[in-house]
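Next comes input_22.tsv, with TSV, C-alpha atoms and all ligand atoms.
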chain	number	residue	atom	x	y	z
A	1	MET	CA	106.11	80.92	78.03
A	2	MET	CA	106.91	83.27	80.90
A	3	ARG	CA	109.30	81.85	83.47
A	4	LEU	CA	109.88	82.76	87.10
A	5	PRO	CA	113.14	84.58	87.81
A	6	PRO	CA	115.58	82.68	90.09
A	7	PHE	CA	115.01	82.98	93.84
A	8	SER	CA	115.66	81.13	97.11
A	9	TYR	CA	112.62	79.78	98.94
A	10	LEU	CA	112.64	79.66	102.76
A	11	ALA	CA	110.04	77.57	104.57
A	12	PRO	CA	109.65	78.72	108.20
A	13	ARG	CA	107.56	76.62	110.58
A	14	GLY	CA	106.42	79.48	112.83
A	15	THR	CA	105.59	83.17	112.59
A	16	GLY	CA	108.59	84.18	114.74
A	17	GLU	CA	110.94	82.28	112.44
A	18	ALA	CA	109.30	83.87	109.38
A	19	VAL	CA	109.75	87.37	110.81
A	20	ARG	CA	113.42	86.66	111.56
A	21	MET	CA	114.04	85.27	108.08
A	22	LEU	CA	112.37	88.28	106.47
A	23	ALA	CA	114.40	90.73	108.59
A	24	ASP	CA	117.67	88.87	107.93
A	25	ALA	CA	117.14	88.84	104.16
A	26	GLY	CA	116.33	92.58	104.11
A	27	PRO	CA	114.84	94.45	101.15
A	28	LYS	CA	115.58	91.71	98.62
A	29	ALA	CA	113.04	89.41	100.33
A	30	MET	CA	109.25	89.11	100.06
A	31	VAL	CA	106.58	87.04	101.72
A	32	VAL	CA	104.58	84.55	99.66
A	33	ALA	CA	101.40	82.80	100.78
A	34	GLY	CA	99.39	81.05	98.03
A	35	GLY	CA	101.47	82.78	95.35
A	36	THR	CA	98.46	83.24	93.04
A	37	ASP	CA	99.15	86.97	92.76
A	38	LEU	CA	102.89	87.13	93.41
A	39	TYR	CA	104.10	84.36	91.08
A	40	PRO	CA	102.37	85.75	87.97
A	41	ASN	CA	103.73	89.19	88.91
A	42	MET	CA	107.22	87.74	89.23
A	43	LYS	CA	106.89	86.09	85.82
A	44	ARG	CA	106.14	89.53	84.39
A	45	ARG	CA	109.18	90.91	86.28
A	46	GLN	CA	107.00	93.28	88.31
A	47	PHE	CA	108.80	91.88	91.36
A	48	GLU	CA	112.17	90.11	91.39
A	49	PRO	CA	112.77	89.13	95.01
A	50	GLU	CA	115.95	87.11	95.59
A	51	VAL	CA	114.39	85.45	98.63
A	52	LEU	CA	110.83	84.32	99.24
A	53	VAL	CA	109.67	83.56	102.76
A	54	GLY	CA	106.85	81.05	102.28
A	55	LEU	CA	104.02	81.08	104.80
A	56	ARG	CA	102.25	77.91	103.70
A	57	GLY	CA	103.92	75.65	106.28
A	58	ILE	CA	102.95	77.84	109.25
A	59	ARG	CA	100.01	76.09	110.87
A	60	GLU	CA	99.25	78.87	113.34
A	61	LEU	CA	98.40	81.15	110.38
A	62	ALA	CA	95.73	78.81	109.04
A	63	GLY	CA	93.24	79.06	111.94
A	64	LEU	CA	89.63	80.13	111.55
A	65	ALA	CA	87.40	80.28	114.60
A	66	GLY	CA	84.62	82.35	116.11
A	67	SER	CA	80.93	83.01	116.29
A	68	PRO	CA	78.58	85.96	115.69
A	69	ARG	CA	78.75	86.66	119.46
A	70	ASP	CA	82.55	86.66	119.76
A	71	GLY	CA	83.51	87.71	116.25
A	72	LEU	CA	85.87	85.87	113.92
A	73	ARG	CA	89.62	85.29	114.15
A	74	ILE	CA	90.91	84.28	110.75
A	75	GLY	CA	94.54	83.37	110.20
A	76	ALA	CA	96.07	85.19	107.25
A	77	GLY	CA	96.94	81.80	105.77
A	78	ALA	CA	93.34	80.50	105.69
A	79	THR	CA	92.48	79.77	102.07
A	80	LEU	CA	89.66	81.63	100.36
A	81	THR	CA	87.81	78.36	99.82
A	82	ARG	CA	87.94	77.69	103.55
A	83	VAL	CA	86.69	81.20	104.38
A	84	ALA	CA	83.90	80.97	101.78
A	85	ARG	CA	82.69	77.59	103.00
A	86	HIS	CA	83.19	77.87	106.75
A	87	PRO	CA	79.76	77.34	108.35
A	88	GLU	CA	80.07	80.27	110.83
A	89	VAL	CA	81.25	82.64	108.11
A	90	ALA	CA	78.62	81.51	105.62
A	91	ALA	CA	75.80	81.72	108.18
A	92	HIS	CA	76.69	84.91	110.04
A	93	TYR	CA	79.10	86.82	107.79
A	94	PRO	CA	77.66	85.97	104.36
A	95	ALA	CA	79.16	89.07	102.73
A	96	LEU	CA	82.65	87.83	103.59
A	97	ALA	CA	81.83	84.31	102.43
A	98	ARG	CA	80.51	85.74	99.18
A	99	ALA	CA	83.51	88.03	98.58
A	100	ALA	CA	85.97	85.19	99.25
A	101	GLY	CA	83.87	82.87	97.09
A	102	VAL	CA	83.90	85.13	94.02
A	103	VAL	CA	87.66	85.70	93.92
A	104	SER	CA	89.11	84.27	90.75
A	105	THR	CA	88.56	80.52	90.14
A	106	PRO	CA	88.08	77.45	92.39
A	107	GLN	CA	91.69	76.38	91.75
A	108	LEU	CA	93.08	79.75	92.82
A	109	ARG	CA	90.76	79.99	95.81
A	110	ASN	CA	92.04	76.59	96.99
A	111	VAL	CA	95.57	78.00	97.40
A	112	GLY	CA	95.00	81.76	97.56
A	113	THR	CA	94.73	83.06	101.12
A	114	LEU	CA	92.74	85.75	102.86
A	115	GLY	CA	95.98	87.50	103.92
A	116	GLY	CA	97.20	87.46	100.33
A	117	ASN	CA	93.88	88.87	99.18
A	118	VAL	CA	94.07	91.71	101.68
A	119	CYS	CA	97.62	92.51	100.48
A	120	VAL	CA	97.03	91.81	96.77
A	121	ASP	CA	98.91	94.18	94.43
A	122	THR	CA	97.07	97.06	92.77
A	123	ARG	CA	96.33	96.62	89.07
A	124	CYS	CA	96.54	98.66	85.86
A	125	ASN	CA	96.27	97.84	82.15
A	126	TYR	CA	99.73	99.35	81.60
A	127	TYR	CA	101.33	97.33	84.39
A	128	ASN	CA	99.80	93.83	84.37
A	129	GLN	CA	101.64	92.96	81.17
A	130	SER	CA	104.76	91.00	80.26
A	131	TYR	CA	108.17	92.62	80.64
A	132	GLU	CA	108.50	92.90	76.85
A	133	TRP	CA	105.09	94.58	76.52
A	134	ARG	CA	105.91	97.09	79.24
A	135	LYS	CA	109.36	97.71	77.72
A	136	SER	CA	107.81	98.40	74.32
A	137	ILE	CA	105.85	101.33	75.75
A	138	GLY	CA	108.72	102.63	77.86
A	139	PHE	CA	107.56	101.24	81.23
A	140	CYS	CA	105.72	103.34	83.85
A	141	LEU	CA	106.11	104.79	87.31
A	142	LYS	CA	104.94	101.69	89.18
A	143	ARG	CA	107.82	99.61	87.83
A	144	ASP	CA	110.94	100.44	85.78
A	145	GLY	CA	109.69	103.79	84.39
A	146	ASP	CA	109.26	107.38	85.47
A	147	ILE	CA	105.88	108.57	84.20
A	148	CYS	CA	102.31	107.44	84.71
A	149	LEU	CA	100.89	106.45	81.33
A	150	VAL	CA	97.29	106.90	82.49
A	151	ALA	CA	97.79	110.38	83.89
A	152	PRO	CA	101.12	111.61	82.45
A	153	GLY	CA	100.96	114.90	84.36
A	154	SER	CA	100.61	113.13	87.68
A	155	SER	CA	103.43	112.38	90.08
A	156	ARG	CA	101.65	109.37	91.56
A	157	CYS	CA	100.45	105.96	90.40
A	158	TRP	CA	96.70	105.37	90.05
A	159	ALA	CA	96.74	101.55	89.86
A	160	VAL	CA	93.51	100.09	91.17
A	161	SER	CA	92.89	98.33	94.47
A	162	SER	CA	91.41	95.02	93.25
A	163	SER	CA	90.83	92.93	96.36
A	164	ASP	CA	87.35	91.48	96.73
A	165	THR	CA	87.54	90.96	100.48
A	166	ALA	CA	89.09	94.31	101.48
A	167	PRO	CA	85.90	96.41	101.04
A	168	VAL	CA	83.88	93.81	102.93
A	169	LEU	CA	86.36	93.59	105.82
A	170	TRP	CA	86.33	97.40	105.98
A	171	ALA	CA	82.53	97.52	106.02
A	172	LEU	CA	82.42	94.85	108.74
A	173	GLY	CA	84.74	96.90	110.98
A	174	ALA	CA	87.55	94.31	110.89
A	175	GLU	CA	91.12	94.83	112.05
A	176	VAL	CA	94.37	93.14	111.11
A	177	ALA	CA	97.36	92.02	113.18
A	178	LEU	CA	100.82	92.81	111.80
A	179	VAL	CA	103.92	91.20	113.28
A	180	GLY	CA	107.43	92.53	112.67
A	181	PRO	CA	110.80	92.67	114.42
A	182	ALA	CA	109.37	95.26	116.87
A	183	GLY	CA	106.46	92.99	117.86
A	184	GLU	CA	102.76	92.94	117.05
A	185	ARG	CA	100.42	95.82	116.29
A	186	ARG	CA	96.71	95.77	115.49
A	187	ILE	CA	95.16	98.30	113.15
A	188	PRO	CA	91.68	98.78	111.71
A	189	VAL	CA	91.42	97.70	108.06
A	190	PRO	CA	90.94	101.32	106.80
A	191	THR	CA	94.30	102.23	108.38
A	192	LEU	CA	96.04	99.46	106.43
A	193	TYR	CA	95.33	101.10	103.07
A	194	GLN	CA	96.38	104.35	101.44
A	195	ASP	CA	95.36	105.83	98.11
A	196	ASP	CA	98.61	105.33	96.23
A	197	GLY	CA	99.03	102.70	93.50
A	198	ILE	CA	102.60	101.88	94.57
A	199	GLN	CA	102.57	102.28	98.36
A	200	TYR	CA	99.01	101.02	98.76
A	201	LEU	CA	99.63	99.38	102.15
A	202	ARG	CA	100.67	101.12	105.36
A	203	LYS	CA	102.65	98.05	106.29
A	204	ALA	CA	106.42	97.91	106.67
A	205	ALA	CA	108.18	95.51	104.30
A	206	ASP	CA	109.36	93.42	107.26
A	207	GLU	CA	105.86	93.03	108.76
A	208	ILE	CA	103.75	89.93	108.22
A	209	LEU	CA	99.98	90.08	108.37
A	210	THR	CA	99.08	87.26	110.73
A	211	GLU	CA	95.39	87.57	111.53
A	212	ILE	CA	92.16	89.24	110.49
A	213	ARG	CA	89.68	89.91	113.30
A	214	VAL	CA	86.05	90.55	112.48
A	215	PRO	CA	83.95	91.98	115.34
A	216	PRO	CA	80.73	90.39	116.64
A	217	SER	CA	77.97	90.73	114.08
A	218	ASP	CA	75.92	92.75	116.61
A	219	GLY	CA	72.85	93.26	114.45
A	220	TRP	CA	74.82	94.21	111.33
A	221	ARG	CA	73.72	92.79	108.00
A	222	ALA	CA	76.12	93.02	105.07
A	223	THR	CA	76.45	92.11	101.42
A	224	TYR	CA	78.92	92.32	98.56
A	225	TRP	CA	78.27	92.99	94.88
A	226	LYS	CA	80.94	92.58	92.26
A	227	LEU	CA	81.08	93.88	88.69
A	228	ARG	CA	83.38	92.16	86.22
A	229	ARG	CA	83.39	91.16	82.58
A	230	ARG	CA	83.63	87.37	82.92
A	231	GLY	CA	81.85	85.85	85.88
A	232	ALA	CA	84.16	82.84	85.80
A	233	PHE	CA	87.33	84.44	87.15
A	234	ASP	CA	87.87	88.15	86.56
A	235	PHE	CA	89.09	90.67	89.09
A	236	PRO	CA	86.46	93.20	90.19
A	237	VAL	CA	86.21	96.38	88.15
A	238	LEU	CA	83.80	97.53	90.83
A	239	GLY	CA	83.08	96.03	94.24
A	240	VAL	CA	80.36	97.29	96.55
A	241	ALA	CA	80.34	96.24	100.19
A	242	ALA	CA	77.33	97.50	102.12
A	243	ALA	CA	76.52	96.92	105.78
A	244	VAL	CA	73.52	98.19	107.73
A	245	ARG	CA	72.24	97.85	111.28
A	246	LEU	CA	68.46	97.93	111.33
A	247	GLU	CA	66.20	98.34	114.37
A	248	ASP	CA	62.46	98.02	113.80
A	249	GLY	CA	63.04	98.66	110.13
A	250	ILE	CA	65.00	101.87	110.77
A	251	CYS	CA	68.62	102.05	109.68
A	252	ARG	CA	70.66	102.93	112.79
A	253	ASP	CA	74.06	102.66	111.19
A	254	ALA	CA	75.45	102.03	107.71
A	255	ARG	CA	78.76	101.58	105.94
A	256	ILE	CA	79.24	101.50	102.18
A	257	VAL	CA	82.72	100.75	100.88
A	258	LEU	CA	83.65	100.78	97.21
A	259	GLY	CA	86.37	98.58	95.76
A	260	ALA	CA	88.24	98.95	92.45
A	261	VAL	CA	87.44	102.66	92.08
A	262	ALA	CA	90.75	103.99	93.43
A	263	SER	CA	94.12	102.73	94.70
A	264	ALA	CA	92.48	101.89	98.04
A	265	PRO	CA	88.95	100.90	99.01
A	266	ARG	CA	86.87	104.06	99.39
A	267	GLU	CA	84.16	104.59	102.00
A	268	ALA	CA	81.05	106.45	100.89
A	269	LEU	CA	80.51	108.30	104.18
A	270	GLU	CA	77.94	110.76	102.89
A	271	ALA	CA	75.74	107.94	101.55
A	272	ALA	CA	75.79	106.26	104.96
A	273	ARG	CA	74.51	109.52	106.47
A	274	VAL	CA	71.64	109.54	103.97
A	275	LEU	CA	70.57	106.10	105.20
A	276	THR	CA	70.97	106.63	108.94
A	277	GLY	CA	67.68	107.19	110.76
A	278	GLU	CA	65.63	106.23	107.71
A	279	ARG	CA	63.61	103.26	106.52
A	280	LEU	CA	65.29	101.60	103.53
A	281	THR	CA	62.61	102.51	101.02
A	282	PRO	CA	63.36	102.54	97.27
A	283	GLU	CA	63.47	106.37	97.42
A	284	VAL	CA	65.98	106.53	100.27
A	285	ILE	CA	68.09	103.82	98.62
A	286	GLY	CA	68.01	105.73	95.32
A	287	ARG	CA	69.23	108.90	97.05
A	288	ALA	CA	71.98	107.06	98.93
A	289	ALA	CA	73.13	105.30	95.76
A	290	GLU	CA	73.36	108.62	93.93
A	291	VAL	CA	75.51	110.08	96.69
A	292	ALA	CA	77.60	106.89	97.06
A	293	ALA	CA	78.71	107.06	93.44
A	294	ARG	CA	80.35	110.47	93.97
A	295	PRO	CA	83.61	109.21	95.55
A	296	ALA	CA	84.03	106.71	92.70
A	297	LYS	CA	86.50	108.25	90.26
A	298	PRO	CA	87.58	105.36	88.03
A	299	LEU	CA	90.26	106.04	85.41
A	300	ASP	CA	90.83	104.43	82.04
A	301	ASN	CA	93.29	101.84	83.37
A	302	THR	CA	91.27	98.69	83.94
A	303	ASP	CA	88.65	96.61	82.16
A	304	LEU	CA	85.37	98.12	80.87
A	305	VAL	CA	84.83	101.75	79.95
A	306	TYR	CA	85.46	103.98	82.94
A	307	HIS	CA	82.32	106.15	82.68
A	308	TYR	CA	80.26	102.93	82.51
A	309	ARG	CA	82.01	101.76	85.69
A	310	LYS	CA	81.22	105.08	87.33
A	311	ARG	CA	77.54	104.79	86.30
A	312	MET	CA	77.41	101.21	87.55
A	313	THR	CA	78.52	102.32	91.01
A	314	ARG	CA	75.10	103.87	91.56
A	315	VAL	CA	73.35	100.80	90.16
A	316	TYR	CA	75.38	98.33	92.25
A	317	VAL	CA	75.04	100.32	95.47
A	318	ALA	CA	71.28	100.41	94.92
A	319	ARG	CA	71.18	96.65	94.28
A	320	ALA	CA	73.25	95.92	97.37
A	321	LEU	CA	71.01	98.08	99.56
A	322	ARG	CA	67.84	96.61	98.03
A	323	GLU	CA	69.14	93.15	98.88
A	324	LEU	CA	69.74	94.21	102.50
A	325	ALA	CA	66.29	95.81	102.67
A	326	GLY	CA	64.62	92.68	101.28
A	327	LEU	CA	63.39	94.56	98.20
A	328	PRO	CA	63.25	92.88	94.77
A	329	ILE	CA	66.41	93.12	92.68
A	330	ASP	CA	66.26	93.11	88.92
A	331	GLY	CA	67.05	89.42	88.37
A	332	VAL	CA	70.85	89.54	88.57
A	333	TRP	CA	73.17	87.85	90.96
A	334	PRO	CA	75.66	89.84	93.08
A	335	SER	CA	78.77	88.72	91.19
A	336	GLY	CA	77.28	89.84	87.90
A	337	MET	CA	76.84	86.20	86.86
A	338	SER	CA	73.66	84.83	85.43
A	339	ALA	CA	71.83	82.25	87.55
A	340	ARG	CA	73.05	79.57	85.17
A	341	ALA	CA	76.70	80.63	85.52
A	342	VAL	CA	76.33	80.58	89.31
A	343	GLU	CA	75.01	77.05	89.17
A	344	GLU	CA	77.87	75.97	86.86
A	345	ALA	CA	80.42	77.55	89.18
A	346	ARG	CA	78.88	75.73	92.12
A	347	ILE	CA	79.08	72.40	90.29
A	348	ALA	CA	82.73	73.10	89.33
A	349	ASP	CA	83.46	73.95	92.99
A	350	ASP	CA	82.00	70.69	94.21
B	401	LIG	C1	93.63	84.78	86.86
B	401	LIG	C2	93.57	85.45	88.19
B	401	LIG	C3	92.35	85.96	88.62
B	401	LIG	C4	92.27	86.59	89.87
B	401	LIG	N1	91.06	87.10	90.24
B	401	LIG	C5	90.96	87.74	91.43
B	401	LIG	C6	89.72	88.29	91.83
B	401	LIG	O1	88.69	88.14	91.16
B	401	LIG	N2	89.65	88.97	93.01
B	401	LIG	C7	90.76	89.13	93.81
B	401	LIG	O2	90.62	89.76	94.87
B	401	LIG	N3	91.95	88.60	93.47
B	401	LIG	C8	92.08	87.90	92.31
B	401	LIG	N4	93.29	87.36	91.95
B	401	LIG	C9	94.47	87.58	92.78
B	401	LIG	C10	94.79	86.47	93.80
B	401	LIG	O3	94.52	85.19	93.28
B	401	LIG	C11	94.00	86.66	95.10
B	401	LIG	O4	94.00	88.01	95.47
B	401	LIG	C12	94.54	85.81	96.23
B	401	LIG	O5	93.73	85.93	97.36
B	401	LIG	C13	95.96	86.19	96.65
B	401	LIG	O6	96.31	85.39	97.77
B	401	LIG	P1	97.67	84.57	97.79
B	401	LIG	O7	97.73	83.85	99.08
B	401	LIG	O8	97.84	83.74	96.58
B	401	LIG	O9	98.70	85.79	97.77
B	401	LIG	P2	100.21	85.82	97.27
B	401	LIG	O10	100.27	85.79	95.80
B	401	LIG	O11	101.02	84.81	98.00
B	401	LIG	O12	100.62	87.26	97.82
B	401	LIG	C14	100.03	88.45	97.32
B	401	LIG	C15	100.74	89.65	97.93
B	401	LIG	O13	100.47	89.72	99.33
B	401	LIG	C16	101.67	89.58	100.09
B	401	LIG	N5	101.31	88.72	101.22
B	401	LIG	C17	100.65	87.52	101.14
B	401	LIG	N6	100.39	87.07	102.38
B	401	LIG	C18	100.90	87.98	103.24
B	401	LIG	C19	100.95	88.07	104.66
B	401	LIG	N7	100.40	87.13	105.43
B	401	LIG	N8	101.57	89.13	105.23
B	401	LIG	C20	102.12	90.10	104.43
B	401	LIG	N9	102.10	90.08	103.09
B	401	LIG	C21	101.49	89.03	102.50
B	401	LIG	C22	102.72	88.99	99.14
B	401	LIG	O14	104.02	89.39	99.50
B	401	LIG	C23	102.26	89.57	97.82
B	401	LIG	O15	102.75	90.90	97.71
B	401	LIG	C24	93.41	86.69	90.70
B	401	LIG	C25	94.63	86.16	90.27
B	401	LIG	C26	94.71	85.54	89.04
B	401	LIG	C27	96.01	84.96	88.60
B	402	LIG	S1	98.44	104.09	87.04
B	402	LIG	FE1	100.14	104.93	85.88
B	402	LIG	S2	102.01	104.53	87.08
B	402	LIG	FE2	100.35	103.28	87.90
B	402	LIG	S3	100.59	101.30	86.90
B	402	LIG	FE3	99.15	102.49	85.66
B	402	LIG	S4	100.37	103.58	84.14
B	402	LIG	FE4	101.75	102.79	85.70
What does the file become when written as structure tokens?
Ligand SMILES: Cc1cc2nc3c(=O)[nH]c(=O)nc-3n(C[C@H](O)[C@H](O)[C@H](O)COP(=O)(O)OP(=O)(O)OC[C@H]3O[C@@H](n4cnc5c(N)ncnc54)[C@H](O)[C@@H]3O)c2cc1C
Ligand code: SF4
Amino acid sequence: MMRLPPFSYLAPRGTGEAVRMLADAGPKAMVVAGGTDLYPNMKRRQFEPEVLVGLRGIRELAGLAGSPRDGLRIGAGATLTRVARHPEVAAHYPALARAAGVVSTPQLRNVGTLGGNVCVDTRCNYYNQSYEWRKSIGFCLKRDGDICLVAPGSSRCWAVSSSDTAPVLWALGAEVALVGPAGERRIPVPTLYQDDGIQYLRKAADEILTEIRVPPSDGWRATYWKLRRRGAFDFPVLGVAAAVRLEDGICRDARIVLGAVASAPREALEAARVLTGERLTPEVIGRAAEVAARPAKPLDNTDLVYHYRKRMTRVYVARALRELAGLPIDGVWPSGMSARAVEEARIADD
């Protein structure tokens, strides 16, 4: 059995207190929300913080309010279950509800938070292993070693961005609030991420993500499709967030954001240009899907064969766009589950 390393747990009651505690403890401290990502990582000795600043007792971080007219304000501490089931989110931001609702399992969604999902660590087959396993292969760049085992000639880490909600929040035009000793700053979601498996967030270690703001829906329609091996709880090995704004059947604006194909979500800008000004016919969708798959450059460091994942990018983008266009989809559900598995998951959720 893997055990947690020793640490002190601090339980602030407000954001200001949390920021002070984090700053006082310095680099040996980390923030923990639901702990569904961090605690397993600590058991594998990927992180060994001496101090954890727990956010669960901070009520102001758990808010969720808004409407399609005003947009959403979601506290970083809102659980994924709450986001997935919130009536305004489910009715007007169904892509976000879907992405939150297909993270992991019901148990983990009940404690895992949206903020934690946005900040979730990048993943790699050579990294998400026990300490002993990693030691037996000489460790790697991301933790304890000095070479990348996936791309030994490379000076960077290629661990995969594996958040389900990040591509959707990006496609919806959301921004995040970060609070640190110097005060608060707001940045668009794309600015939060960078394509590096180790430094995947442009967030200082002493900053806490406090809120996610989603703009008014303003005619946008969005969806999320997730590829994974086991529909019951796996991380995405491909996530496709697609958003379009249609006027009289013509696509006026589009955003397609791919998850789990790089160390940060990746926007398929060229594909959006293919869609803009066009009707979403099967031909146009086919062309856009072809172009959208180009920025996907998966490596052999996560589940399923990487060239299959690359091929599936085109298929999943096409399915996502067909769903938005109201065209028939070939009998599969967006999380890759069969209809029966979806029903079972729903029953387990209830
Ligand atoms: C078996 C299993 C399956 C999983 N499947 C999926 C999946 O399918 N999709 C998916 O996206 N995730 C998955 N996860 C990962 C995880 O459960 C989710 O990403 C969850 O949303 C993380 O939220 P949390 O509150 O538990 O984060 P934590 O574990 O508390 O934190 C995660 C990271 O974010 C940082 N952090 C958390 N909150 C903040 C904040 N407010 N400000 C600054 N930093 C913060 C922490 O320091 C830590 O580095 C899975 C995990 C497990 C164990
Ligand atoms: S991509 Fe390379 S450096 Fe990064 S976790 Fe995997 S093996 Fe390690």
Output as JSON lines one row per residue of chain A within 8 Å of ligand LIG 402 (chain B): the closest atom pair and its distance in Å to one decimal place, counting only C-alpha atoms and all ligand atoms, sorted by chain and residue number ascending.
{"residue": "A:Arg123", "atom": "CA", "partner": "B:LIG402", "partner_atom": "S3", "distance": 6.7}
{"residue": "A:Cys124", "atom": "CA", "partner": "B:LIG402", "partner_atom": "FE3", "distance": 4.6}
{"residue": "A:Asn125", "atom": "CA", "partner": "B:LIG402", "partner_atom": "FE3", "distance": 6.5}
{"residue": "A:Tyr126", "atom": "CA", "partner": "B:LIG402", "partner_atom": "S4", "distance": 5.0}
{"residue": "A:Tyr127", "atom": "CA", "partner": "B:LIG402", "partner_atom": "S3", "distance": 4.8}
{"residue": "A:Asn128", "atom": "CA", "partner": "B:LIG402", "partner_atom": "S3", "distance": 7.9}
{"residue": "A:Phe139", "atom": "CA", "partner": "B:LIG402", "partner_atom": "FE4", "distance": 7.5}
{"residue": "A:Cys140", "atom": "CA", "partner": "B:LIG402", "partner_atom": "FE4", "distance": 4.4}
{"residue": "A:Leu141", "atom": "CA", "partner": "B:LIG402", "partner_atom": "S2", "distance": 4.1}
{"residue": "A:Lys142", "atom": "CA", "partner": "B:LIG402", "partner_atom": "S2", "distance": 4.6}
{"residue": "A:Arg143", "atom": "CA", "partner": "B:LIG402", "partner_atom": "FE4", "distance": 7.2}
{"residue": "A:Asp146", "atom": "CA", "partner": "B:LIG402", "partner_atom": "S2", "distance": 8.0}
{"residue": "A:Ile147", "atom": "CA", "partner": "B:LIG402", "partner_atom": "S2", "distance": 6.3}
{"residue": "A:Cys148", "atom": "CA", "partner": "B:LIG402", "partner_atom": "FE1", "distance": 3.5}
{"residue": "A:Leu149", "atom": "CA", "partner": "B:LIG402", "partner_atom": "S4", "distance": 4.1}
{"residue": "A:Val150", "atom": "CA", "partner": "B:LIG402", "partner_atom": "S4", "distance": 4.8}
{"residue": "A:Ala151", "atom": "CA", "partner": "B:LIG402", "partner_atom": "FE1", "distance": 6.3}
{"residue": "A:Pro152", "atom": "CA", "partner": "B:LIG402", "partner_atom": "FE1", "distance": 7.6}
{"residue": "A:Arg156", "atom": "CA", "partner": "B:LIG402", "partner_atom": "S2", "distance": 6.6}
{"residue": "A:Cys157", "atom": "CA", "partner": "B:LIG402", "partner_atom": "FE2", "distance": 3.7}
{"residue": "A:Trp158", "atom": "CA", "partner": "B:LIG402", "partner_atom": "S1", "distance": 3.7}
{"residue": "A:Ala159", "atom": "CA", "partner": "B:LIG402", "partner_atom": "S1", "distance": 4.2}
{"residue": "A:Val160", "atom": "CA", "partner": "B:LIG402", "partner_atom": "S1", "distance": 7.6}
{"residue": "A:Gly197", "atom": "CA", "partner": "B:LIG402", "partner_atom": "FE2", "distance": 5.8}
{"residue": "A:Ile198", "atom": "CA", "partner": "B:LIG402", "partner_atom": "FE2", "distance": 7.2}
{"residue": "A:Asn301", "atom": "CA", "partner": "B:LIG402", "partner_atom": "FE3", "distance": 6.3}
Ala242 in chain A surroundings by all atoms listed in the file, 7 Å radius, close-in-sequence under 6 positions cut, as a ChimeraX atom specification:
/A:171,222-224,255-257,320-321
For Gly183 in chain A, find every residue with an atom within 10 Å (counting all atoms listed in the file), except residues of its own chain fewer than 5 positions away, and show them as an NGL selection string. :A and (16 or 19 or 178 or 207)
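For range 91-103 of chain A, the residues within 8 Å (counting only C-alpha atoms, excluding itself and residues fewer than 6 positions away along the chain) are Ser67, Pro68, Leu80, Thr81, Val83, Ala84, Arg85, Arg109, Leu114, Asp164, Thr165, Val168, Leu169, Ser217, Ala222, Thr223, Tyr224, Phe233, Asp234, Phe235, Ala241 and Ser335 of chain A.
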Deliver the residues from the most recent selection as a file, using C-alpha atoms, as a PDB file, in the coordinates of the input.
ATOM      1  CA  SER A  67      80.930  83.010 116.290  1.00  0.00           C
ATOM      2  CA  PRO A  68      78.580  85.960 115.690  1.00  0.00           C
ATOM      3  CA  LEU A  80      89.660  81.630 100.360  1.00  0.00           C
ATOM      4  CA  THR A  81      87.810  78.360  99.820  1.00  0.00           C
ATOM      5  CA  VAL A  83      86.690  81.200 104.380  1.00  0.00           C
ATOM      6  CA  ALA A  84      83.900  80.970 101.780  1.00  0.00           C
ATOM      7  CA  ARG A  85      82.690  77.590 103.000  1.00  0.00           C
ATOM      8  CA  ARG A 109      90.760  79.990  95.810  1.00  0.00           C
ATOM      9  CA  LEU A 114      92.740  85.750 102.860  1.00  0.00           C
ATOM     10  CA  ASP A 164      87.350  91.480  96.730  1.00  0.00           C
ATOM     11  CA  THR A 165      87.540  90.960 100.480  1.00  0.00           C
ATOM     12  CA  VAL A 168      83.880  93.810 102.930  1.00  0.00           C
ATOM     13  CA  LEU A 169      86.360  93.590 105.820  1.00  0.00           C
ATOM     14  CA  SER A 217      77.970  90.730 114.080  1.00  0.00           C
ATOM     15  CA  ALA A 222      76.120  93.020 105.070  1.00  0.00           C
ATOM     16  CA  THR A 223      76.450  92.110 101.420  1.00  0.00           C
ATOM     17  CA  TYR A 224      78.920  92.320  98.560  1.00  0.00           C
ATOM     18  CA  PHE A 233      87.330  84.440  87.150  1.00  0.00           C
ATOM     19  CA  ASP A 234      87.870  88.150  86.560  1.00  0.00           C
ATOM     20  CA  PHE A 235      89.090  90.670  89.090  1.00  0.00           C
ATOM     21  CA  ALA A 241      80.340  96.240 100.190  1.00  0.00           C
ATOM     22  CA  SER A 335      78.770  88.720  91.190  1.00  0.00           C
TER      23      SER A 335
END
Nearest to ligand LIG 401 (chain B), restricted to all atoms listed in the file and choosing among A:Ala174, A:Leu64, A:Ile208, A:Ile329, comes out as A:Ile208
Restricting to only C-alpha atoms and all ligand atoms, whichever of A:Ala318, A:Leu108, A:Leu324, A:Ala271 is closest to ligand LIG 401 (chain B) is A:Leu108
May I have the residues within 12 Å of Leu304 in chain A as a short mmCIF file (atom, residue, chain, number, x, y, z; two decimals) with C-alpha atoms, in the coordinates of the input, using all atoms listed in the file and disregarding those fewer than 2 positions away in the same chain?
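result_30.cif, freshly written:
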data_model
loop_
_atom_site.label_atom_id
_atom_site.label_comp_id
_atom_site.auth_asym_id
_atom_site.auth_seq_id
_atom_site.Cartn_x
_atom_site.Cartn_y
_atom_site.Cartn_z
CA ASN A 125 96.27 97.84 82.15
CA LEU A 227 81.08 93.88 88.69
CA ARG A 228 83.38 92.16 86.22
CA ARG A 229 83.39 91.16 82.58
CA ARG A 230 83.63 87.37 82.92
CA ASP A 234 87.87 88.15 86.56
CA PHE A 235 89.09 90.67 89.09
CA PRO A 236 86.46 93.20 90.19
CA VAL A 237 86.21 96.38 88.15
CA LEU A 238 83.80 97.53 90.83
CA ALA A 260 88.24 98.95 92.45
CA PRO A 298 87.58 105.36 88.03
CA LEU A 299 90.26 106.04 85.41
CA ASP A 300 90.83 104.43 82.04
CA ASN A 301 93.29 101.84 83.37
CA THR A 302 91.27 98.69 83.94
CA TYR A 306 85.46 103.98 82.94
CA HIS A 307 82.32 106.15 82.68
CA TYR A 308 80.26 102.93 82.51
CA ARG A 309 82.01 101.76 85.69
CA LYS A 310 81.22 105.08 87.33
CA ARG A 311 77.54 104.79 86.30
CA MET A 312 77.41 101.21 87.55
#
